[in-house]
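**Q** Got data06.cif for you, mmCIF, C-alpha atoms:
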data_entry
#
loop_
_atom_site.label_atom_id
_atom_site.label_comp_id
_atom_site.auth_asym_id
_atom_site.auth_seq_id
_atom_site.Cartn_x
_atom_site.Cartn_y
_atom_site.Cartn_z
CA MET C 21 -5.69 -15.08 -87.61
CA THR C 22 -2.64 -12.82 -87.55
CA PRO C 23 0.31 -13.27 -89.98
CA HIS C 24 2.49 -14.68 -87.20
CA ASP C 25 -0.16 -17.34 -86.55
CA HIS C 26 -0.32 -18.42 -90.19
CA GLY C 27 -1.17 -22.12 -90.22
CA ALA C 28 -2.43 -22.24 -86.63
CA GLN C 29 -4.91 -24.95 -87.59
CA ALA C 30 -2.02 -27.25 -88.49
CA ARG C 31 -2.60 -29.95 -85.87
CA SER C 32 -4.10 -32.96 -87.65
CA GLY C 33 -3.46 -36.66 -87.93
CA GLY C 34 -1.33 -36.68 -84.77
CA ARG C 35 1.30 -34.37 -86.25
CA PRO C 36 2.95 -31.95 -83.81
CA LEU C 37 2.30 -28.29 -84.49
CA LEU C 38 5.70 -26.76 -85.28
CA THR C 39 6.49 -23.06 -85.15
CA VAL C 40 8.91 -22.21 -87.95
CA LEU C 41 10.73 -18.91 -88.34
CA GLN C 42 10.93 -18.32 -92.09
CA GLN C 43 13.58 -16.02 -93.50
CA PHE C 44 11.17 -13.90 -95.50
CA ASN C 45 8.67 -11.16 -94.76
CA ALA C 46 4.89 -11.42 -94.81
CA PRO C 47 3.91 -11.71 -98.50
CA THR C 48 3.10 -8.67 -100.63
CA PRO C 49 2.06 -8.55 -104.32
CA ARG C 50 5.78 -8.41 -105.20
CA THR C 51 6.92 -11.34 -103.10
CA ASN C 52 8.69 -14.15 -104.98
CA PRO C 53 5.93 -16.62 -105.99
CA TYR C 54 8.16 -19.49 -104.85
CA LEU C 55 7.90 -18.21 -101.27
CA VAL C 56 4.16 -17.50 -101.48
CA GLN C 57 3.42 -20.99 -102.78
CA LEU C 58 5.72 -22.58 -100.20
CA LEU C 59 3.88 -20.68 -97.46
CA ALA C 60 0.53 -21.94 -98.74
CA ALA C 61 1.85 -25.51 -98.89
CA LEU C 62 3.09 -25.28 -95.30
CA ALA C 63 -0.08 -23.67 -93.93
CA PRO C 64 -1.80 -26.97 -93.03
CA LEU C 65 1.36 -28.26 -91.35
CA VAL C 66 3.14 -25.50 -89.40
CA ARG C 67 2.71 -22.15 -87.74
CA VAL C 68 4.92 -19.62 -89.56
CA ARG C 69 6.64 -16.62 -88.04
CA PHE C 70 7.90 -14.12 -90.59
CA TRP C 71 11.40 -12.75 -90.48
CA SER C 72 12.74 -9.74 -88.67
CA LEU C 73 15.85 -9.58 -86.54
CA ARG C 74 13.66 -8.55 -83.61
CA THR C 75 11.38 -11.57 -84.08
CA ALA C 76 14.37 -13.87 -84.52
CA LEU C 77 16.02 -12.59 -81.34
CA LEU C 78 12.99 -12.30 -79.05
CA SER C 79 10.30 -14.78 -80.08
CA ARG C 80 10.02 -18.52 -79.60
CA TYR C 81 10.04 -21.05 -82.42
CA ASP C 82 11.00 -24.69 -82.98
CA VAL C 83 12.96 -24.37 -86.24
CA VAL C 84 14.51 -21.56 -88.25
CA HIS C 85 14.38 -21.94 -92.04
CA LEU C 86 16.98 -19.93 -93.96
CA HIS C 87 16.73 -19.23 -97.69
CA TRP C 88 19.18 -16.46 -98.62
CA PRO C 89 20.96 -15.80 -95.30
CA GLU C 90 23.29 -13.17 -96.77
CA TYR C 91 20.33 -10.77 -96.99
CA THR C 92 19.89 -10.84 -93.21
CA MET C 93 23.09 -8.76 -93.04
CA ARG C 94 22.91 -6.46 -96.05
CA HIS C 95 22.11 -2.76 -95.92
CA PRO C 96 22.91 0.17 -98.24
CA THR C 97 24.93 2.00 -95.55
CA VAL C 98 28.11 0.95 -93.74
CA LEU C 99 26.54 1.61 -90.33
CA GLY C 100 23.43 -0.36 -91.26
CA ARG C 101 25.53 -3.34 -92.34
CA LEU C 102 27.57 -3.21 -89.15
CA LEU C 103 24.45 -3.14 -86.97
CA ARG C 104 22.89 -6.03 -88.84
CA GLN C 105 26.05 -8.09 -88.64
CA CYS C 106 26.22 -7.51 -84.89
CA ALA C 107 22.56 -8.57 -84.56
CA VAL C 108 23.18 -11.73 -86.59
CA ALA C 109 26.22 -12.58 -84.46
CA LEU C 110 24.02 -12.27 -81.36
CA LEU C 111 21.36 -14.36 -83.07
CA LEU C 112 23.84 -17.14 -83.78
CA LEU C 113 24.79 -17.12 -80.11
CA ARG C 114 21.12 -17.49 -79.17
CA TRP C 115 20.64 -20.38 -81.57
CA THR C 116 23.73 -22.07 -80.15
CA VAL C 117 22.65 -21.69 -76.52
CA LEU C 118 19.05 -22.78 -77.18
CA ARG C 119 20.13 -25.51 -79.62
CA THR C 120 17.70 -24.18 -82.22
CA PRO C 121 17.59 -26.40 -85.33
CA ILE C 122 18.50 -24.60 -88.57
CA VAL C 123 17.14 -25.76 -91.93
CA ARG C 124 18.63 -24.20 -95.04
CA THR C 125 17.34 -24.31 -98.62
CA LEU C 126 20.15 -24.42 -101.19
CA HIS C 127 18.74 -21.93 -103.69
CA ASN C 128 22.30 -21.04 -104.72
CA LEU C 129 25.60 -22.73 -103.94
CA THR C 130 27.14 -19.32 -103.20
CA PRO C 131 25.66 -15.79 -103.07
CA HIS C 132 25.37 -14.15 -106.50
CA GLU C 133 27.01 -10.99 -105.13
CA GLN C 134 29.77 -11.50 -102.56
CA GLY C 135 29.77 -9.58 -99.29
CA GLY C 136 32.65 -8.50 -97.08
CA ALA C 137 34.87 -10.54 -94.78
CA VAL C 138 32.56 -10.30 -91.75
CA GLU C 139 29.54 -11.43 -93.77
CA ARG C 140 31.47 -14.36 -95.20
CA TRP C 141 32.60 -15.42 -91.71
CA LEU C 142 29.04 -15.26 -90.36
CA LEU C 143 27.76 -17.27 -93.33
CA ARG C 144 30.37 -19.96 -92.73
CA ARG C 145 29.28 -20.08 -89.11
CA MET C 146 25.63 -20.49 -90.19
CA ASP C 147 26.67 -23.33 -92.50
CA ARG C 148 28.41 -25.16 -89.65
CA MET C 149 25.34 -24.76 -87.44
CA THR C 150 22.85 -26.01 -90.05
CA SER C 151 21.07 -29.19 -89.00
CA ARG C 152 19.36 -30.02 -92.28
CA TRP C 153 19.83 -28.92 -95.89
CA ILE C 154 17.05 -28.88 -98.48
CA ARG C 155 18.05 -29.11 -102.12
CA ILE C 156 15.46 -28.14 -104.72
CA ASN C 157 16.93 -30.22 -107.52
CA GLN C 158 18.36 -33.75 -107.64
CA THR C 159 21.85 -32.78 -108.81
CA THR C 160 22.99 -30.58 -105.92
CA GLU C 161 25.76 -32.28 -103.98
CA PRO C 162 24.43 -33.40 -100.58
CA ARG C 163 25.86 -31.68 -97.53
CA ALA C 164 26.49 -32.90 -94.02
CA PRO C 165 24.95 -33.52 -91.57
CA GLY C 166 21.92 -34.34 -93.75
CA THR C 167 20.29 -33.30 -97.04
CA ASP C 168 16.68 -33.74 -98.17
CA THR C 169 15.22 -33.20 -101.64
CA ALA C 170 12.07 -31.14 -102.21
CA LEU C 171 11.92 -30.25 -105.90
CA HIS C 172 11.24 -26.61 -106.80
CA GLY C 173 7.49 -26.39 -107.37
CA HIS C 174 5.87 -25.39 -110.65
CA TYR C 175 3.92 -22.21 -111.48
CA VAL C 176 1.07 -23.75 -113.46
CA ASP C 177 -1.60 -22.98 -110.86
CA TRP C 178 -0.07 -19.58 -110.08
CA PHE C 179 -0.51 -18.33 -113.65
CA ALA C 180 -3.72 -20.23 -114.47
CA PRO C 181 -6.01 -17.24 -113.74
CA HIS C 182 -4.17 -14.94 -116.20
CA PRO C 183 -4.92 -14.73 -119.94
CA GLN C 184 -2.17 -15.67 -122.37
CA ALA C 185 -1.16 -14.04 -125.63
CA ALA C 186 -0.92 -15.54 -129.09
CA GLN C 187 2.58 -16.71 -129.91
CA VAL C 188 4.64 -14.31 -132.05
CA THR C 189 6.71 -16.18 -134.64
CA GLY C 190 10.42 -15.65 -134.17
CA ARG C 191 10.15 -13.86 -130.84
CA LEU C 192 12.91 -14.63 -128.35
CA LEU C 193 12.39 -13.65 -124.72
CA HIS C 194 14.72 -13.01 -121.82
CA PHE C 195 12.91 -12.15 -118.58
CA GLY C 196 13.46 -11.77 -114.87
CA LEU C 197 15.64 -9.50 -112.77
CA ILE C 198 18.37 -8.37 -115.17
CA ARG C 199 21.66 -9.12 -113.41
CA PRO C 200 25.18 -9.53 -114.80
CA TYR C 201 25.45 -13.28 -114.12
CA LYS C 202 22.39 -13.95 -116.28
CA GLY C 203 24.33 -13.29 -119.48
CA VAL C 204 22.14 -10.61 -121.06
CA GLU C 205 25.27 -8.93 -122.49
CA GLY C 206 26.11 -12.03 -124.52
CA LEU C 207 22.49 -12.40 -125.61
CA LEU C 208 22.38 -8.84 -126.96
CA ALA C 209 25.70 -9.32 -128.77
CA SER C 210 24.46 -12.60 -130.27
CA MET C 211 21.25 -10.93 -131.42
CA ALA C 212 23.29 -8.28 -133.22
CA ASP C 213 25.06 -11.07 -135.14
CA LEU C 214 21.82 -12.89 -135.96
CA ALA C 215 20.97 -12.05 -139.56
CA GLU C 216 17.40 -13.42 -139.62
CA PRO C 217 15.09 -10.40 -140.05
CA ASP C 218 12.05 -12.35 -138.80
CA CYS C 219 13.63 -12.87 -135.36
CA SER C 220 13.08 -10.39 -132.56
CA LEU C 221 14.26 -10.17 -128.97
CA ARG C 222 12.19 -8.99 -126.05
CA VAL C 223 13.89 -8.23 -122.70
CA VAL C 224 11.51 -7.97 -119.75
CA GLY C 225 12.39 -7.22 -116.15
CA ASN C 226 13.91 -4.77 -113.73
CA PRO C 227 17.63 -4.00 -114.27
CA ALA C 228 19.77 -4.58 -111.18
CA SER C 229 21.88 -1.48 -111.92
CA PRO C 230 21.89 1.66 -114.08
CA GLN C 231 24.65 0.05 -116.15
CA MET C 232 22.45 -2.93 -117.01
CA ARG C 233 19.60 -0.60 -117.96
CA ALA C 234 21.87 1.46 -120.22
CA LEU C 235 23.18 -1.70 -121.90
CA VAL C 236 19.71 -2.92 -122.87
CA GLU C 237 18.46 0.53 -123.88
CA ALA C 238 21.48 1.01 -126.17
CA ALA C 239 20.73 -2.32 -127.89
CA CYS C 240 17.11 -1.27 -128.42
CA THR C 241 18.31 1.95 -130.04
CA ARG C 242 20.75 0.18 -132.35
CA ASP C 243 18.51 -2.68 -133.47
CA PRO C 244 14.77 -2.26 -134.16
CA ARG C 245 14.33 -6.02 -133.62
CA VAL C 246 15.18 -5.57 -129.92
CA SER C 247 12.60 -4.17 -127.50
CA ALA C 248 12.38 -4.06 -123.73
CA LEU C 249 10.09 -3.52 -120.76
CA LEU C 250 12.57 -2.51 -118.07
CA GLN C 251 10.56 -2.45 -114.86
CA TYR C 252 8.98 -4.68 -112.28
CA VAL C 253 6.40 -6.77 -114.16
CA ASP C 254 3.23 -8.01 -112.49
CA ASP C 255 1.91 -11.53 -113.04
CA PRO C 256 -0.74 -10.73 -115.70
CA THR C 257 1.83 -8.84 -117.78
CA LEU C 258 4.43 -11.57 -117.34
CA ALA C 259 1.96 -14.23 -118.47
CA MET C 260 1.32 -12.26 -121.65
CA GLU C 261 5.01 -11.63 -122.33
CA VAL C 262 6.07 -15.25 -121.82
CA SER C 263 3.19 -16.75 -123.78
CA ALA C 264 3.87 -14.40 -126.71
CA SER C 265 7.39 -15.78 -127.15
CA GLU C 266 8.40 -18.66 -129.38
CA LEU C 267 11.56 -19.44 -127.40
CA VAL C 268 12.77 -18.26 -123.98
CA VAL C 269 16.55 -17.74 -123.85
CA LEU C 270 18.31 -17.91 -120.46
CA PRO C 271 22.08 -17.76 -121.09
CA TYR C 272 23.06 -17.67 -117.41
CA ARG C 273 26.77 -17.92 -116.69
CA ASP C 274 25.91 -19.51 -113.33
CA MET C 275 22.78 -21.65 -113.59
CA HIS C 276 22.17 -24.04 -110.74
CA ASN C 277 18.51 -23.60 -109.80
CA SER C 278 16.24 -21.44 -111.93
CA GLY C 279 12.70 -20.49 -111.05
CA THR C 280 12.66 -18.58 -114.36
CA LEU C 281 13.18 -21.84 -116.28
CA LEU C 282 10.30 -23.49 -114.43
CA LEU C 283 8.10 -20.43 -114.89
CA ALA C 284 8.60 -20.54 -118.67
CA LEU C 285 7.83 -24.28 -118.71
CA SER C 286 4.74 -23.70 -116.56
CA LEU C 287 3.47 -21.40 -119.31
CA ALA C 288 4.27 -24.07 -121.94
CA ARG C 289 7.15 -22.28 -123.64
CA PRO C 290 10.37 -24.03 -124.73
CA VAL C 291 13.60 -22.76 -123.26
CA LEU C 292 17.20 -22.47 -124.47
CA VAL C 293 19.73 -22.82 -121.63
CA PRO C 294 23.38 -23.78 -121.11
CA ARG C 295 24.05 -27.46 -120.47
CA THR C 296 24.34 -28.08 -116.74
CA PRO C 297 23.57 -31.19 -114.69
CA ASN C 298 20.35 -29.67 -113.36
CA ASN C 299 19.16 -28.40 -116.75
CA ALA C 300 19.81 -31.86 -118.21
CA ALA C 301 17.81 -33.44 -115.38
CA VAL C 302 14.92 -31.03 -115.97
CA ALA C 303 15.02 -31.77 -119.71
CA ASP C 304 14.71 -35.51 -119.02
CA GLU C 305 11.95 -34.94 -116.47
CA VAL C 306 9.61 -32.72 -118.52
CA GLY C 307 9.83 -34.63 -121.80
CA PRO C 308 11.21 -33.89 -125.27
CA GLY C 309 10.85 -30.55 -126.99
CA TRP C 310 10.89 -28.28 -123.94
CA VAL C 311 14.47 -27.72 -122.79
CA PHE C 312 17.22 -27.20 -125.38
CA MET C 313 20.82 -26.98 -124.21
CA TYR C 314 24.06 -25.70 -125.67
CA GLU C 315 27.73 -26.07 -124.81
CA GLY C 316 30.14 -23.18 -124.39
CA GLU C 317 29.24 -19.56 -125.03
CA LEU C 318 25.99 -18.31 -126.52
CA ASP C 319 26.29 -16.95 -130.05
CA ALA C 320 24.09 -16.33 -133.08
CA GLN C 321 24.47 -19.91 -134.32
CA VAL C 322 23.38 -21.32 -130.96
CA ILE C 323 20.24 -19.17 -131.07
CA ARG C 324 19.56 -20.13 -134.68
CA SER C 325 19.95 -23.82 -133.89
CA GLY C 326 17.86 -23.60 -130.71
CA LEU C 327 15.00 -21.94 -132.54
CA ALA C 328 15.15 -24.51 -135.34
CA GLN C 329 15.07 -27.38 -132.83
CA ALA C 330 12.15 -25.83 -130.96
CA ARG C 331 10.21 -25.64 -134.21
CA ALA C 332 11.11 -29.13 -135.40
CA THR C 333 10.76 -31.18 -132.20
CA ARG C 334 7.37 -32.70 -131.41
CA ARG C 335 6.24 -32.19 -127.84
CA ALA C 336 3.24 -32.74 -125.62
CA PRO C 337 0.79 -29.86 -125.06
CA MET C 338 2.40 -29.27 -121.64
CA PRO C 339 5.71 -30.31 -120.09
CA ASP C 340 5.46 -32.99 -117.42
CA LEU C 341 5.71 -31.10 -114.11
CA SER C 342 3.82 -33.72 -112.08
CA ARG C 343 6.72 -34.25 -109.68
CA ARG C 344 6.65 -30.58 -108.69
CA ALA C 345 3.29 -30.28 -106.92
CA TRP C 346 3.45 -27.82 -104.02
CA SER C 347 1.46 -30.07 -101.70
CA GLN C 348 4.24 -32.64 -101.96
CA ALA C 349 6.87 -29.95 -101.35
CA GLY C 350 5.04 -28.86 -98.19
CA ARG C 351 5.04 -32.39 -96.77
CA LEU C 352 8.72 -32.86 -97.56
CA HIS C 353 9.62 -29.59 -95.85
CA TYR C 354 7.68 -30.63 -92.76
CA ARG C 355 9.61 -33.90 -92.63
CA SER C 356 12.87 -31.94 -92.89
CA TYR C 357 11.84 -29.76 -89.95
CA LEU C 358 11.14 -32.84 -87.83
CA ALA C 359 14.44 -34.41 -88.87
CA ALA C 360 16.30 -31.22 -87.92
CA ILE C 361 14.70 -31.24 -84.46
CA ARG C 362 15.69 -34.87 -83.93
CA GLN C 363 19.25 -34.25 -85.08
CA ARG C 364 19.63 -31.25 -82.80
CA ARG C 365 18.53 -33.46 -79.90
CA GLY C 366 21.06 -36.12 -80.84
CA LEU C 367 18.43 -38.53 -82.19
CA PRO C 368 18.57 -40.32 -85.56
CA ALA C 369 17.07 -38.21 -88.34
CA ALA C 370 15.66 -41.26 -90.11
CA GLY C 371 12.08 -42.13 -89.33
CA VAL C 372 10.98 -38.58 -88.65
CA THR C 373 7.50 -39.44 -87.33
CA PRO C 374 7.89 -38.52 -83.64
CA SER C 375 6.77 -40.54 -80.66
CA ALA C 376 3.94 -39.33 -78.41
CA PRO C 377 6.34 -37.89 -75.76
CA GLU C 378 8.27 -36.09 -78.50
CA ARG C 379 5.04 -34.63 -79.92
CA ARG C 380 4.10 -33.32 -76.46
CA SER C 381 7.59 -31.86 -76.04
CA ILE C 382 7.52 -30.10 -79.40
CA ASP C 383 3.99 -28.81 -78.89
CA SER C 384 4.87 -27.37 -75.48
CA ARG C 385 7.61 -25.22 -77.03
CA SER C 386 5.41 -23.74 -79.81
CA ARG C 387 3.95 -20.45 -78.65
#
Could you show the structure in this file as structure tokens?
**A**
Amino acid sequence: MTPHDHGAQARSGGRPLLTVLQQFNAPTPRTNPYLVQLLAALAPLVRVRFWSLRTALLSRYDVVHLHWPEYTMRHPTVLGRLLRQCAVALLLLRWTVLRTPIVRTLHNLTPHEQGGAVERWLLRRMDRMTSRWIRINQTTEPRAPGTDTALHGHYVDWFAPHPQAAQVTGRLLHFGLIRPYKGVEGLLASMADLAEPDCSLRVVGNPASPQMRALVEAACTRDPRVSALLQYVDDPTLAMEVSASELVVLPYRDMHNSGTLLLALSLARPVLVPRTPNNAAVADEVGPGWVFMYEGELDAQVIRSGLAQARATRRAPMPDLSRRAWSQAGRLHYRSYLAAIRQRRGLPAAGVTPSAPERRSIDSRSR
């Protein structure tokens, strides 16, 4: 079975076989585990076509599923960006003419890095054309014309095959792609003000810019308690780094959804995060002793208090992530695809199980 036929055995239980164009490439060892696990969850339900502008423009599919649409237009050169923007404009025209349903996952409320005026206009146009929104937490404001909830899945099974390290007392960890909005600058400054000699800070991940790399390397030089692994980190290494920590610190300035938070919880490590509606909801969901929140800016006292709470609070052996099974997420996504098709045809989105004529119609379009 070829990658573009992934999930070709989907027809079962009278469900129509949908062809879904996903806005990500065929998985590689470095693909975001969220996308890999979503693909596996969808495999029994849909046929997936992987993203390229050529595929999007020339192939047939029932639904397009966007994740980070700004990346469909980005390129390191001016000419490359212009060509991609022209292709996306043509693609939007095709979707309009063919009445292609668009489903969009709200990973972020806005792009982390803003693009130019043309990109912003095209993104607004995509938003207006979207038939169905998928939010991956319960606190995201619903959007018209319809919003479904499919909670961000956990990483327990993903990391189960990898050995874990013994916990290092006093070790704080910040991991993931090191980008300005994630607050690593404030974390390093707070660490410098933290007098406890038995505390250490480990920074793990690939810097998004030379400036971010230089910032972390300078902190490592100044303070022997700070160390870093500044590169792409594979899953076995990440499992060891996370499990060795006593407390994961994620002082994001903009924290709406966080796969990093769920990854740390999946490896049974408590996390210190800013207080946001979603972080508060996750804290309630997973049980006491796992998610500690602070108000305002991160500083040495916040870290000191967070570590003391993590040590003093009794907690279960694992956080409760039972609501985040990927099989459930796959079924919810499939229902959203069906609802988007119905909406695009002017039918009510509620009651997304299609009739027999609708199933035959959908199946006839999937090639």
**Q** Using only C-alpha atoms, tabulate the residues of stretch 330-367 of chain C lying at most 10 Å from any atom of stretch 150-157 of chain C, each with its closest atom pair and that distance in Å to one decimal, by chain and increasing residue number, as a Markdown table.
**A**
| residue | atom | partner | partner_atom | distance |
| --- | --- | --- | --- | --- |
| C:Arg344 | CA | C:Ile156 | CA | 10.0 |
| C:Ala349 | CA | C:Ile156 | CA | 9.4 |
| C:Leu352 | CA | C:Ile154 | CA | 9.3 |
| C:His353 | CA | C:Ile154 | CA | 7.9 |
| C:Ser356 | CA | C:Arg152 | CA | 6.8 |
| C:Tyr357 | CA | C:Arg152 | CA | 7.9 |
| C:Leu358 | CA | C:Arg152 | CA | 9.8 |
| C:Ala359 | CA | C:Arg152 | CA | 7.4 |
| C:Ala360 | CA | C:Ser151 | CA | 5.3 |
| C:Ile361 | CA | C:Ser151 | CA | 8.1 |
| C:Arg362 | CA | C:Ser151 | CA | 9.3 |
| C:Gln363 | CA | C:Ser151 | CA | 6.7 |
| C:Arg364 | CA | C:Ser151 | CA | 6.7 |
**Q** Please work out which residues fall within 12 Å of (-6.4, -9.7, -120.7), coordinates as given in the file, with only C-alpha atoms counting, and return them as a ChimeraX atom specification.
**A** /C:181-186,255-261
**Q** Starting from the displayed file, determine the output of the PyMOL selection byres ((chain C and resi 287-292) around 7) and express the residue list as a count of residues only.
**A** 21
**Q** With distances taken over only C-alpha atoms, which of C:Arg295, C:Arg351, C:His276, C:Arg67 is nearest to C:His127?
**A** C:His276
**Q** Near C:Leu103, within 12 Å and counting only C-alpha atoms, which residues show up once chain neighbours fewer than 3 positions away are dropped, as a VMD selection string?
**A** chain C and resid 73 92 to 100 106 to 110 138 to 139
**Q** Give me the residues within 8 Å of C:Asp340 as a PyMOL selection string, counting only C-alpha atoms and dropping any in the same chain fewer than 5 places off.
**A** chain C and resi 305-307
**Q** Find the residues near stretch 216-229 of chain C: any atom within 6 Å, counting only C-alpha atoms, skip ones fewer than 3 places away on the same chain, and give them as a list in words.
**A**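 Those residues are Gly190, Arg191, Leu192, Leu193, His194, Phe195, Gly196, Leu197, Ile198, Arg199, Met232, Arg233, Arg245, Val246, Ser247, Ala248, Leu249, Leu250, Gln251 and Tyr252 of chain C.
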**Q** For the residues in that selection, give me C-alpha atoms as a PDB file, keeping the file's coordinate frame.
**A**
ATOM      1  CA  GLY C 190      10.420 -15.650-134.170  1.00  0.00           C
ATOM      2  CA  ARG C 191      10.150 -13.860-130.840  1.00  0.00           C
ATOM      3  CA  LEU C 192      12.910 -14.630-128.350  1.00  0.00           C
ATOM      4  CA  LEU C 193      12.390 -13.650-124.720  1.00  0.00           C
ATOM      5  CA  HIS C 194      14.720 -13.010-121.820  1.00  0.00           C
ATOM      6  CA  PHE C 195      12.910 -12.150-118.580  1.00  0.00           C
ATOM      7  CA  GLY C 196      13.460 -11.770-114.870  1.00  0.00           C
ATOM      8  CA  LEU C 197      15.640  -9.500-112.770  1.00  0.00           C
ATOM      9  CA  ILE C 198      18.370  -8.370-115.170  1.00  0.00           C
ATOM     10  CA  ARG C 199      21.660  -9.120-113.410  1.00  0.00           C
ATOM     11  CA  MET C 232      22.450  -2.930-117.010  1.00  0.00           C
ATOM     12  CA  ARG C 233      19.600  -0.600-117.960  1.00  0.00           C
ATOM     13  CA  ARG C 245      14.330  -6.020-133.620  1.00  0.00           C
ATOM     14  CA  VAL C 246      15.180  -5.570-129.920  1.00  0.00           C
ATOM     15  CA  SER C 247      12.600  -4.170-127.500  1.00  0.00           C
ATOM     16  CA  ALA C 248      12.380  -4.060-123.730  1.00  0.00           C
ATOM     17  CA  LEU C 249      10.090  -3.520-120.760  1.00  0.00           C
ATOM     18  CA  LEU C 250      12.570  -2.510-118.070  1.00  0.00           C
ATOM     19  CA  GLN C 251      10.560  -2.450-114.860  1.00  0.00           C
ATOM     20  CA  TYR C 252       8.980  -4.680-112.280  1.00  0.00           C
TER      21      TYR C 252
END
**Q** Determine the residue membership of the PyMOL selection byres ((chain C and resi 323) around 10) for the file above and supply it as a ChimeraX atom specification.
**A** /C:192,207,210-211,214,267,269,292,314,318-322,324-329
**Q** From the set C:Thr296, C:Gln57, C:Gln134, C:Thr120, which residue has the shortest atom-to-atom contact distance to C:Ser347, counting all atoms listed in the file?
**A**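 Smallest distance to C:Ser347 is found for C:Gln57.
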**Q** Quick one: everything within 9 Å of C:Gly279, counting all atoms listed in the file, minus sequence neighbours fewer than 4 positions away in the same chain. Send it as a PDB file with C-alpha atoms, in the frame of the given file.
**A**
ATOM      1  CA  TYR C  54       8.160 -19.490-104.850  1.00  0.00           C
ATOM      2  CA  HIS C 172      11.240 -26.610-106.800  1.00  0.00           C
ATOM      3  CA  GLY C 173       7.490 -26.390-107.370  1.00  0.00           C
ATOM      4  CA  HIS C 174       5.870 -25.390-110.650  1.00  0.00           C
ATOM      5  CA  TYR C 175       3.920 -22.210-111.480  1.00  0.00           C
ATOM      6  CA  LEU C 283       8.100 -20.430-114.890  1.00  0.00           C
ATOM      7  CA  ALA C 284       8.600 -20.540-118.670  1.00  0.00           C
TER       8      ALA C 284
END
**Q** Rank nothing, just name the residue among C:Leu86, C:Arg35, C:Phe70, C:Pro308 nearest to C:Pro47, using all atoms listed in the file.
**A**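 Among C:Leu86, C:Arg35, C:Phe70, C:Pro308, it is C:Phe70 that comes nearest to C:Pro47.
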